[in-house]
Amino acid sequence: MFVKVRRAFTVGAVLFLLGMFTLPSLYLRTQCAALNGLCGEVLLASRAGDKAAAQAQYEALQARFEAMRRLGELFLDHRVLDDAARPLALMGVYLQAGDAVSLAAAASEFELALGCLLSIEGGNPGLLL
Amino acid sequence: MLILFLRSVLLYLFILFILRMTGKRQIADLQPFDLIITMAIADLASAAIADTNTPLLYSVIPILALYLVQQAVARLSLKSAAFRTFVCGSPLLLVRDGVLQEGLMRQANYTVSDLCDHLRAEAVFDLADVRYAILETNGTLSVLQRPPGDLPQPRMSYLLILDGEFCDTALGHLNIPRAALISLLRRNKVPSPRRVLYLQYQSDGAMHLQLKARYGGKVRHIAKKEVKELCS
């Protein structure tokens, strides 16, 4: 009986690990691609001078990021997610202030943070050693 | 604070389950690979319990990985004697027929005073009382004492076949050639040593063997006379 339980647990552990090796990175990849797209649209609308559209895109971006953050906190270091949340909040402030240059800087910082998130689960060999 | 409490409880239950799955060795005699997993699990668990910025999965996944490695090592150790010797080492006969085996003691980094320490722990206060002393792979010392007075001297039992594999060191000690043992097995209706779970040379000179479960798991006794013929 014990041997059967142990065998079942071992198989379960292998499957769980295989799932954890693939699913989070898949989830992050799709989410980050969508977030990058929304971020680009915020910048485009801002450059075009369409403040209402930029604000709408920003809110969609923020909502999507918060949804990802809630799930991401289960398998990612919360500090890495906080690092991405900070420039996103700044983007909102600069959007309100109409500061296009600072908005672009905050957006590129946000994209950089998303890149860091991806590299954690993306099998970056640099993180191995 | 409630979160910290719940994280501790969750990890405690998880580790308890993992240690239970790895087998009894965790609690009793630790082999080197068991020791590694025990120490690493303790460290991984304590890191995740207190830091709420780190998801529990950051501890759970390495613990599961260690568990799987430990299971693989344990399974390979069961299957291959060479691998088992590589991972766990082999028992060393430090005292043989009352004589200290200096070379083996040096090999084990074991001094005479270490030996005396361990013997005292076994309530043996005189080296002359020791007939055999074996340093086991888990670091404990097994002692066979000389009987008092004129009683016959005890002899060692040796495992000659273990899990279908010959134990060449023991065969060497007893000067039994493999071929002779194979023919003895055939005479006892065991066509191949691979079918034998264990074959023991007993202290009284007889032999005792058990077949593997898939070959019937029968137990057989080989009389002292037949063994003597083999050795001669």
# chains A, B, ... in the order shown; residues from 1 in each chain; ligands from 1
call {"tool": "interface_residues", "arguments": {"of": "chain A", "to": "chain B", "cutoff": "6 Å", "atoms": "only C-alpha atoms", "output": "MDAnalysis selection string"}}
result
chainID A and resid 6 74:75 77:78
call {"tool": "write_last_selection", "arguments": {"atoms": "C-alpha atoms", "output": "PDB file, in the first residue's frame"}}
result
ATOM      1  CA  ARG A   6       4.742   6.597  -2.873  1.00  0.00           C
ATOM      2  CA  LEU A  74       1.686  32.330  -6.720  1.00  0.00           C
ATOM      3  CA  PHE A  75       4.854  31.450  -8.627  1.00  0.00           C
ATOM      4  CA  ASP A  77       8.929  36.584  -6.320  1.00  0.00           C
ATOM      5  CA  HIS A  78       6.587  39.419  -5.308  1.00  0.00           C
TER       6      HIS A  78
END
call {"tool": "residues_around", "arguments": {"residues": "Leu174 in chain B", "least_positions_apart": "3", "cutoff": "10 Å", "atoms": "only C-alpha atoms", "output": "list in words"}}
result
Tyr158, Leu160, Asp168, Thr169, Ala170, Leu171, Pro177, Tyr201 and Cys231 of chain B
call {"tool": "write_last_selection", "arguments": {"atoms": "N, CA, C and O atoms", "output": "compact mmCIF listing (two decimals), in the first residue's frame"}}
result
# COMPACT_ATOMS: atom_id res chain seq x y z
N TYR B 158 28.83 -13.97 6.45
CA TYR B 158 29.13 -13.14 5.27
C TYR B 158 28.01 -13.27 4.25
O TYR B 158 27.50 -14.37 4.03
N LEU B 160 27.30 -13.59 0.60
CA LEU B 160 28.10 -13.94 -0.58
C LEU B 160 27.42 -13.49 -1.87
O LEU B 160 28.10 -13.18 -2.85
N ASP B 168 32.26 -9.87 -3.90
CA ASP B 168 33.60 -10.41 -4.11
C ASP B 168 34.50 -10.28 -2.88
O ASP B 168 35.37 -11.12 -2.66
N THR B 169 34.29 -9.22 -2.10
CA THR B 169 35.13 -9.05 -0.91
C THR B 169 34.92 -10.22 0.04
O THR B 169 35.90 -10.81 0.54
N ALA B 170 33.65 -10.58 0.27
CA ALA B 170 33.35 -11.68 1.18
C ALA B 170 33.86 -13.00 0.61
O ALA B 170 34.42 -13.82 1.35
N LEU B 171 33.70 -13.18 -0.70
CA LEU B 171 34.21 -14.42 -1.33
C LEU B 171 35.72 -14.51 -1.16
O LEU B 171 36.26 -15.59 -0.90
N PRO B 177 35.86 -19.57 -4.70
CA PRO B 177 35.78 -19.07 -6.08
C PRO B 177 34.33 -18.99 -6.56
O PRO B 177 33.50 -19.77 -6.10
N TYR B 201 26.75 -16.87 4.14
CA TYR B 201 27.62 -17.88 4.77
C TYR B 201 27.48 -17.65 6.26
O TYR B 201 27.82 -16.59 6.79
N CYS B 231 34.46 -25.54 -0.27
CA CYS B 231 35.65 -24.78 0.10
C CYS B 231 36.94 -25.58 -0.14
O CYS B 231 37.98 -25.02 -0.42
call {"tool": "residues_around", "arguments": {"residues": "Ser25 in chain A", "least_positions_apart": "5", "cutoff": "8 Å", "atoms": "only C-alpha atoms", "output": "PyMOL selection string"}}
result
chain A and resi 118+121-122
call {"tool": "closest_residue", "arguments": {"among": "B:Val219, B:Leu66, B:Val190, B:Leu93", "to": "Glu136 in chain B", "atoms": "only C-alpha atoms"}}
result
B:Leu93
call {"tool": "residues_around", "arguments": {"residues": "Arg186 in chain B", "least_positions_apart": "5", "cutoff": "12 Å", "atoms": "only C-alpha atoms", "output": "JSON, numbers by chain"}}
result
{"B": [179, 180, 181, 191, 192, 193, 195, 196, 222]}
call {"tool": "closest_residue", "arguments": {"among": "B:Ser203, B:Gln31, B:Ser46, B:Asn188", "to": "His221 in chain B", "atoms": "only C-alpha atoms"}}
result
B:Asn188
call {"tool": "closest_residue", "arguments": {"among": "A:Cys116, A:Thr30, A:Leu103, A:Glu109", "to": "Ala45 in chain A", "atoms": "only C-alpha atoms"}}
result
A:Leu103
call {"tool": "residues_around", "arguments": {"residues": "range 85-94 of chain A", "least_positions_apart": "3", "cutoff": "6 Å", "atoms": "only C-alpha atoms", "output": "JSON, numbers by chain"}}
result
{"A": [82, 97, 98, 99, 103, 106, 110]}
call {"tool": "residues_around", "arguments": {"residues": "Leu10 in chain B", "least_positions_apart": "6", "cutoff": "12 Å", "atoms": "only C-alpha atoms", "output": "PyMOL selection string"}}
result
chain B and resi 3-4+16-17+45+48-49+56-57+59-60
